[in-house]
Structure formats: C-alpha cells, structure tokens
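Here the structure is laid out as structure tokens; the discussion comes afterwards.
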Amino acid sequence: MALRINDTIPDLTVNTDQGTFSLHEWIGDSWAILFSHPKDFTPVCTTEFGAVAQLTDEWAKRGCKVMGISVDSVEDHKKWKGDIETVAGTKAGFPIVADDGLELAKALDMLPADAYLPDGRTPAHSATVRSVFIIAPNKKVQLMMTYPMTVGRNFAEVLRALDGLQRTYEQPLAVPANWEVGQDVIVALALDDAAAEAKYGKLDKKLPYLRFAKNPA
C-alpha cells in the first residue's frame, strides 16, 4: 500500500555513514526530515545536500533532525561528503542512509516492489528515489514532495513548510498560500466564530469560511 500523509513511518533499521539506527529511535521526540537521492556524485544532488548543510542552524532552531538517503554504499557516502562540503562551504553533519538494497526506498513507496539496481546502473534506474518527507514527533508523515532529476529542490520552501507544519501541529489552524513566520494564520472551521475568538482573539473575516487570526504565540 502506498505511503500517505498521516501514516506512521516504517520503523526500519538503517545503515548510515554515522552508524546504524532504528528510524523511530533516531527521530525520538523531534521533528525529522528524510530527503532522498538516486545516486552519489551527481550534480543536482550535490547542490541539494550542500543546501541542507547550509541550513544546519535553522533545522536545529526548529528541533528538526535531517537524514539523507541514497542508494549507494557507506564508503561512497563518506567520499561524497567531501564534495558536498566543498560546494557548500560548510560541514555536512547529518547522516546519509546507504540504501543499496532499496529496502527504505520501497518501504517509503519511492520505487516499485520489483525495482532493482543493475550492474553499471545510472541515476535513471532509481530516478523516483528523489523525495522529501517531513515527519512529526508522533512518527507520522506530515508532508511529501517528489521532484524530477532535472529540478533542484528549494530547501527554503522545505523550511517554510516545516514552519507551517509546526505552527499548525495538533491545533485548529492552517496557513495560507505563501505564508511566512509571523504572518496571520487561518482558523479552522472546526471552531465557530465565538469559540475561535475566545481562543485566538478578534478574527479578520474575509469570507464566512476564511477567517484569519493574528499569529498566536
């Protein structure tokens, strides 16, 4: 069955360049981002890993752990990190899963069950292993994004999405298009006007079903 938003992430044991982890134990009580790539030593992926490394302080501010996934070996990951750090100009301190058996790629529904890695493979053989998963402390998937190999991901948008998820997590709130931290939020229709104003203060009612509140602390 396909992995969907609000599904619990599979608790696999993964081998990384920083050791072996249970995914659930690694996540712990934190938010987590898993981001995957079809092959080490490829141009777009190198820039993306570098972008994640440059945001190290931002992930930490939000209590969010990050873990890369690539379908190559631990030794390749260790060598590749040198290239990533050269491009990024900073240390890439996050672990990278060595998913050379495709166990995690298949468990997260990024590849067909019968997918395999032939000898002399190219990135095209694992092209769909190019996704982002944001996971809440309850171990449930909150957001999924999948990109083609030709378009580098915008990790500023991943960061913005994380901010929106954290702002609305387990609350009757949502965030509008292009929302940024500090801007007004949308109050869910689960609360009537009286309950919404009691909880969040005076509402800015654009439409009967579109009600904004000042971004609550």
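Identifiers in this document derive from the order of the structure tokens: chains are assigned A, B, ..., residues are numbered from 1 separately in each chain, and ligands are numbered from 1 in order of occurrence.
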
Run DSSP on the backbone and give me the residues of segment 52-201 of chain A it puts in alpha helix (DSSP H), as a PyMOL selection string.
chain A and resi 52-54+56-61+74-88+103-107+155-168+193-200

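Of the residues listed (A:Ser70, A:Thr42, A:Thr168, A:Asn15), A:Ser70 shows the shortest atom-to-atom separation from Arg130 of chain A; distances use only C-alpha atoms.
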
Could you name the residues that touch Leu203 of chain A at 10 Å or less, counting only C-alpha atoms, but leaving out those on the same chain fewer than 4 positions away, as an NGL selection string?
:A and (186-187 or 193-194 or 196-197 or 210-214)

Let's have the selection written as a PDB file, in the first residue's frame, with all heavy atoms.
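Output below, filename result29.pdb:
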ATOM      1  N   ILE A 186      -4.883  30.926   9.470  1.00  0.00           N
ATOM      2  CA  ILE A 186      -6.298  30.645   9.226  1.00  0.00           C
ATOM      3  C   ILE A 186      -6.839  29.773  10.357  1.00  0.00           C
ATOM      4  O   ILE A 186      -6.204  28.795  10.755  1.00  0.00           O
ATOM      5  CB  ILE A 186      -6.477  29.926   7.876  1.00  0.00           C
ATOM      6  CG1 ILE A 186      -6.086  30.866   6.726  1.00  0.00           C
ATOM      7  CG2 ILE A 186      -7.908  29.434   7.703  1.00  0.00           C
ATOM      8  CD1 ILE A 186      -6.026  30.184   5.370  1.00  0.00           C
ATOM      9  N   VAL A 187      -8.009  30.140  10.858  1.00  0.00           N
ATOM     10  CA  VAL A 187      -8.664  29.353  11.897  1.00  0.00           C
ATOM     11  C   VAL A 187      -9.580  28.330  11.239  1.00  0.00           C
ATOM     12  O   VAL A 187     -10.380  28.660  10.364  1.00  0.00           O
ATOM     13  CB  VAL A 187      -9.470  30.253  12.857  1.00  0.00           C
ATOM     14  CG1 VAL A 187     -10.133  29.408  13.942  1.00  0.00           C
ATOM     15  CG2 VAL A 187      -8.565  31.306  13.487  1.00  0.00           C
ATOM     16  N   ASP A 193     -17.345  30.996  15.285  1.00  0.00           N
ATOM     17  CA  ASP A 193     -16.746  32.317  15.495  1.00  0.00           C
ATOM     18  C   ASP A 193     -16.493  32.603  16.975  1.00  0.00           C
ATOM     19  O   ASP A 193     -15.437  33.113  17.355  1.00  0.00           O
ATOM     20  CB  ASP A 193     -17.657  33.410  14.917  1.00  0.00           C
ATOM     21  CG  ASP A 193     -17.613  33.455  13.395  1.00  0.00           C
ATOM     22  OD1 ASP A 193     -16.815  32.703  12.805  1.00  0.00           O
ATOM     23  OD2 ASP A 193     -18.374  34.252  12.806  1.00  0.00           O
ATOM     24  N   ALA A 194     -17.461  32.268  17.807  1.00  0.00           N
ATOM     25  CA  ALA A 194     -17.327  32.573  19.236  1.00  0.00           C
ATOM     26  C   ALA A 194     -16.163  31.790  19.845  1.00  0.00           C
ATOM     27  O   ALA A 194     -15.344  32.345  20.588  1.00  0.00           O
ATOM     28  CB  ALA A 194     -18.633  32.260  19.961  1.00  0.00           C
ATOM     29  N   ALA A 196     -13.646  30.493  18.241  1.00  0.00           N
ATOM     30  CA  ALA A 196     -12.393  30.925  17.622  1.00  0.00           C
ATOM     31  C   ALA A 196     -11.889  32.216  18.263  1.00  0.00           C
ATOM     32  O   ALA A 196     -10.692  32.354  18.552  1.00  0.00           O
ATOM     33  CB  ALA A 196     -12.592  31.109  16.126  1.00  0.00           C
ATOM     34  N   GLU A 197     -12.791  33.168  18.500  1.00  0.00           N
ATOM     35  CA  GLU A 197     -12.380  34.446  19.089  1.00  0.00           C
ATOM     36  C   GLU A 197     -12.001  34.273  20.562  1.00  0.00           C
ATOM     37  O   GLU A 197     -11.098  34.949  21.061  1.00  0.00           O
ATOM     38  CB  GLU A 197     -13.484  35.485  18.907  1.00  0.00           C
ATOM     39  CG  GLU A 197     -13.639  35.867  17.439  1.00  0.00           C
ATOM     40  CD  GLU A 197     -14.493  37.108  17.240  1.00  0.00           C
ATOM     41  OE1 GLU A 197     -15.210  37.506  18.178  1.00  0.00           O
ATOM     42  OE2 GLU A 197     -14.424  37.684  16.125  1.00  0.00           O
ATOM     43  N   LEU A 210     -13.345  31.774   5.559  1.00  0.00           N
ATOM     44  CA  LEU A 210     -11.945  32.164   5.540  1.00  0.00           C
ATOM     45  C   LEU A 210     -11.727  33.219   6.623  1.00  0.00           C
ATOM     46  O   LEU A 210     -11.993  34.411   6.422  1.00  0.00           O
ATOM     47  CB  LEU A 210     -11.540  32.706   4.164  1.00  0.00           C
ATOM     48  CG  LEU A 210     -10.090  33.194   4.001  1.00  0.00           C
ATOM     49  CD1 LEU A 210      -9.098  32.086   4.365  1.00  0.00           C
ATOM     50  CD2 LEU A 210      -9.852  33.689   2.583  1.00  0.00           C
ATOM     51  N   ARG A 211     -11.233  32.765   7.766  1.00  0.00           N
ATOM     52  CA  ARG A 211     -11.098  33.642   8.927  1.00  0.00           C
ATOM     53  C   ARG A 211      -9.643  33.617   9.401  1.00  0.00           C
ATOM     54  O   ARG A 211      -9.098  32.555   9.692  1.00  0.00           O
ATOM     55  CB  ARG A 211     -12.017  33.152  10.048  1.00  0.00           C
ATOM     56  CG  ARG A 211     -13.492  33.035   9.622  1.00  0.00           C
ATOM     57  CD  ARG A 211     -14.314  32.263  10.647  1.00  0.00           C
ATOM     58  NE  ARG A 211     -13.735  30.948  10.892  1.00  0.00           N
ATOM     59  CZ  ARG A 211     -14.050  30.178  11.962  1.00  0.00           C
ATOM     60  NH1 ARG A 211     -14.921  30.613  12.852  1.00  0.00           N
ATOM     61  NH2 ARG A 211     -13.492  29.003  12.120  1.00  0.00           N
ATOM     62  N   PHE A 212      -9.074  34.802   9.484  1.00  0.00           N
ATOM     63  CA  PHE A 212      -7.682  34.918   9.896  1.00  0.00           C
ATOM     64  C   PHE A 212      -7.594  35.371  11.350  1.00  0.00           C
ATOM     65  O   PHE A 212      -8.416  36.156  11.827  1.00  0.00           O
ATOM     66  CB  PHE A 212      -6.931  35.930   9.032  1.00  0.00           C
ATOM     67  CG  PHE A 212      -6.632  35.437   7.641  1.00  0.00           C
ATOM     68  CD1 PHE A 212      -7.540  35.621   6.608  1.00  0.00           C
ATOM     69  CD2 PHE A 212      -5.424  34.796   7.356  1.00  0.00           C
ATOM     70  CE1 PHE A 212      -7.265  35.185   5.320  1.00  0.00           C
ATOM     71  CE2 PHE A 212      -5.139  34.355   6.089  1.00  0.00           C
ATOM     72  CZ  PHE A 212      -6.063  34.542   5.047  1.00  0.00           C
ATOM     73  N   ALA A 213      -6.559  34.890  12.017  1.00  0.00           N
ATOM     74  CA  ALA A 213      -6.234  35.356  13.364  1.00  0.00           C
ATOM     75  C   ALA A 213      -4.780  35.793  13.372  1.00  0.00           C
ATOM     76  O   ALA A 213      -3.963  35.313  12.566  1.00  0.00           O
ATOM     77  CB  ALA A 213      -6.445  34.255  14.392  1.00  0.00           C
ATOM     78  N   LYS A 214      -4.450  36.725  14.254  1.00  0.00           N
ATOM     79  CA  LYS A 214      -3.058  37.087  14.430  1.00  0.00           C
ATOM     80  C   LYS A 214      -2.289  35.835  14.825  1.00  0.00           C
ATOM     81  O   LYS A 214      -2.787  35.005  15.583  1.00  0.00           O
ATOM     82  CB  LYS A 214      -2.893  38.166  15.499  1.00  0.00           C
ATOM     83  CG  LYS A 214      -3.512  39.500  15.135  1.00  0.00           C
ATOM     84  CD  LYS A 214      -2.823  40.106  13.909  1.00  0.00           C
ATOM     85  CE  LYS A 214      -3.436  41.439  13.538  1.00  0.00           C
ATOM     86  NZ  LYS A 214      -2.864  41.985  12.280  1.00  0.00           N
TER      87      LYS A 214
END

Give me the residues near Lys140 of chain A as a ChimeraX atom specification, where near means some atom within 9 Å (using only C-alpha atoms) and where sequence neighbours in that chain fewer than 6 positions away do not count.
/A:5-9,134

Selection near Leu162 of chain A, 9 Å with only C-alpha atoms, sequence-local residues under 2 positions removed, as a ChimeraX atom specification
/A:31,62,64,134,143,157-160,164-167

Would you mind exporting N, CA and C atoms of the selected residues as a PDB file, in the first residue's frame?
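Written file, again_13.pdb:
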ATOM      1  N   TRP A  31      11.054  16.582  15.433  1.00  0.00           N
ATOM      2  CA  TRP A  31      10.628  16.566  14.044  1.00  0.00           C
ATOM      3  C   TRP A  31      11.784  15.996  13.235  1.00  0.00           C
ATOM      4  N   ARG A  62      14.561  24.654  15.019  1.00  0.00           N
ATOM      5  CA  ARG A  62      13.204  24.114  14.948  1.00  0.00           C
ATOM      6  C   ARG A  62      13.104  22.717  15.557  1.00  0.00           C
ATOM      7  N   CYS A  64      14.528  19.998  14.594  1.00  0.00           N
ATOM      8  CA  CYS A  64      14.299  19.063  13.490  1.00  0.00           C
ATOM      9  C   CYS A  64      15.605  18.370  13.101  1.00  0.00           C
ATOM     10  N   ILE A 134       8.536  15.041   5.605  1.00  0.00           N
ATOM     11  CA  ILE A 134       8.603  15.709   6.906  1.00  0.00           C
ATOM     12  C   ILE A 134       7.768  14.886   7.878  1.00  0.00           C
ATOM     13  N   LEU A 143       4.171  15.580   5.439  1.00  0.00           N
ATOM     14  CA  LEU A 143       4.297  16.197   4.114  1.00  0.00           C
ATOM     15  C   LEU A 143       5.203  15.325   3.266  1.00  0.00           C
ATOM     16  N   GLU A 157      11.833  26.451   0.743  1.00  0.00           N
ATOM     17  CA  GLU A 157      10.427  26.063   0.778  1.00  0.00           C
ATOM     18  C   GLU A 157      10.212  24.904   1.751  1.00  0.00           C
ATOM     19  N   VAL A 158      11.141  23.956   1.804  1.00  0.00           N
ATOM     20  CA  VAL A 158      11.033  22.876   2.778  1.00  0.00           C
ATOM     21  C   VAL A 158      11.032  23.455   4.195  1.00  0.00           C
ATOM     22  N   LEU A 159      11.890  24.439   4.421  1.00  0.00           N
ATOM     23  CA  LEU A 159      11.955  25.099   5.728  1.00  0.00           C
ATOM     24  C   LEU A 159      10.653  25.831   6.029  1.00  0.00           C
ATOM     25  N   ARG A 160      10.107  26.523   5.028  1.00  0.00           N
ATOM     26  CA  ARG A 160       8.838  27.237   5.207  1.00  0.00           C
ATOM     27  C   ARG A 160       7.710  26.247   5.518  1.00  0.00           C
ATOM     28  N   GLY A 164       5.268  25.987   8.810  1.00  0.00           N
ATOM     29  CA  GLY A 164       3.809  25.922   8.765  1.00  0.00           C
ATOM     30  C   GLY A 164       3.264  24.702   9.488  1.00  0.00           C
ATOM     31  N   LEU A 165       3.935  23.568   9.310  1.00  0.00           N
ATOM     32  CA  LEU A 165       3.504  22.349   9.993  1.00  0.00           C
ATOM     33  C   LEU A 165       3.642  22.485  11.505  1.00  0.00           C
ATOM     34  N   GLN A 166       4.741  23.064  11.942  1.00  0.00           N
ATOM     35  CA  GLN A 166       4.937  23.232  13.381  1.00  0.00           C
ATOM     36  C   GLN A 166       3.951  24.236  13.967  1.00  0.00           C
ATOM     37  N   ARG A 167       3.612  25.262  13.196  1.00  0.00           N
ATOM     38  CA  ARG A 167       2.660  26.263  13.674  1.00  0.00           C
ATOM     39  C   ARG A 167       1.265  25.671  13.841  1.00  0.00           C
TER      40      ARG A 167
END

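Note that the spacing between atom CA of Val181 of chain A and atom CA of Gly68 of chain A amounts to 25.7 Å.
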
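Shortest separation to Met149 of chain A among A:Leu34, A:Pro10, A:Ser131, A:Leu173 occurs at residue A:Ser131, atoms counted being only C-alpha atoms.
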
Just asking: which residues within chain A are strand (DSSP E) according to DSSP, as a ChimeraX atom specification?
/A:13-16,19-22,31-37,64-70,96-98,131-135,141-146,173-174,185-187,204-207,210-213

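Proximity to Ala32 of chain A at 10 Å, evaluated using only C-alpha atoms and with sequence-adjacent residues fewer than 4 positions away removed, yields A:Leu23, A:Trp26, A:Ile27, A:Gly28, A:Trp59, A:Arg62, A:Gly63, A:Cys64, A:Lys65, A:Val66, A:Met67, A:Phe133, A:Ile134, A:Ile135, A:Ala136, A:Pro137, A:Lys139, A:Val141, A:Leu162.
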
Selection file, C-alpha atoms, as a PDB file, in the first residue's frame:
ATOM      1  CA  LEU A  23      14.316   5.237  12.431  1.00  0.00           C
ATOM      2  CA  TRP A  26      16.593   8.270  15.748  1.00  0.00           C
ATOM      3  CA  ILE A  27      13.552  10.549  15.422  1.00  0.00           C
ATOM      4  CA  GLY A  28      12.838  10.334  19.156  1.00  0.00           C
ATOM      5  CA  TRP A  59      16.975  22.870  11.415  1.00  0.00           C
ATOM      6  CA  ARG A  62      13.204  24.114  14.948  1.00  0.00           C
ATOM      7  CA  GLY A  63      14.150  20.930  16.783  1.00  0.00           C
ATOM      8  CA  CYS A  64      14.299  19.063  13.490  1.00  0.00           C
ATOM      9  CA  LYS A  65      16.713  16.272  12.598  1.00  0.00           C
ATOM     10  CA  VAL A  66      17.669  15.659   8.963  1.00  0.00           C
ATOM     11  CA  MET A  67      18.773  12.433   7.308  1.00  0.00           C
ATOM     12  CA  PHE A 133       9.333  13.508   3.885  1.00  0.00           C
ATOM     13  CA  ILE A 134       8.603  15.709   6.906  1.00  0.00           C
ATOM     14  CA  ILE A 135       7.772  13.624   9.970  1.00  0.00           C
ATOM     15  CA  ALA A 136       6.235  14.817  13.244  1.00  0.00           C
ATOM     16  CA  PRO A 137       7.347  13.671  16.718  1.00  0.00           C
ATOM     17  CA  LYS A 139       6.366   9.419  13.812  1.00  0.00           C
ATOM     18  CA  VAL A 141       4.284  11.634   7.829  1.00  0.00           C
ATOM     19  CA  LEU A 162       8.243  22.862   8.282  1.00  0.00           C
TER      20      LEU A 162
END

Need to verify the contact set: Thr13 of chain A, 8 Å, only C-alpha atoms, exclusion of same-chain residues closer than 3 positions in sequence. Can you return it as a PDB file with N, CA and C atoms, in the first residue's frame?
ATOM      1  N   THR A  20      24.454   2.712  12.596  1.00  0.00           N
ATOM      2  CA  THR A  20      23.176   2.050  12.328  1.00  0.00           C
ATOM      3  C   THR A  20      22.127   2.555  13.314  1.00  0.00           C
ATOM      4  N   PHE A  21      20.936   2.870  12.778  1.00  0.00           N
ATOM      5  CA  PHE A  21      19.874   3.454  13.602  1.00  0.00           C
ATOM      6  C   PHE A  21      18.549   2.768  13.339  1.00  0.00           C
ATOM      7  N   SER A  22      17.706   2.684  14.365  1.00  0.00           N
ATOM      8  CA  SER A  22      16.275   2.489  14.183  1.00  0.00           C
ATOM      9  C   SER A  22      15.679   3.855  13.856  1.00  0.00           C
ATOM     10  N   LEU A  23      14.872   3.934  12.822  1.00  0.00           N
ATOM     11  CA  LEU A  23      14.316   5.237  12.431  1.00  0.00           C
ATOM     12  C   LEU A  23      13.522   5.863  13.574  1.00  0.00           C
TER      13      LEU A  23
END
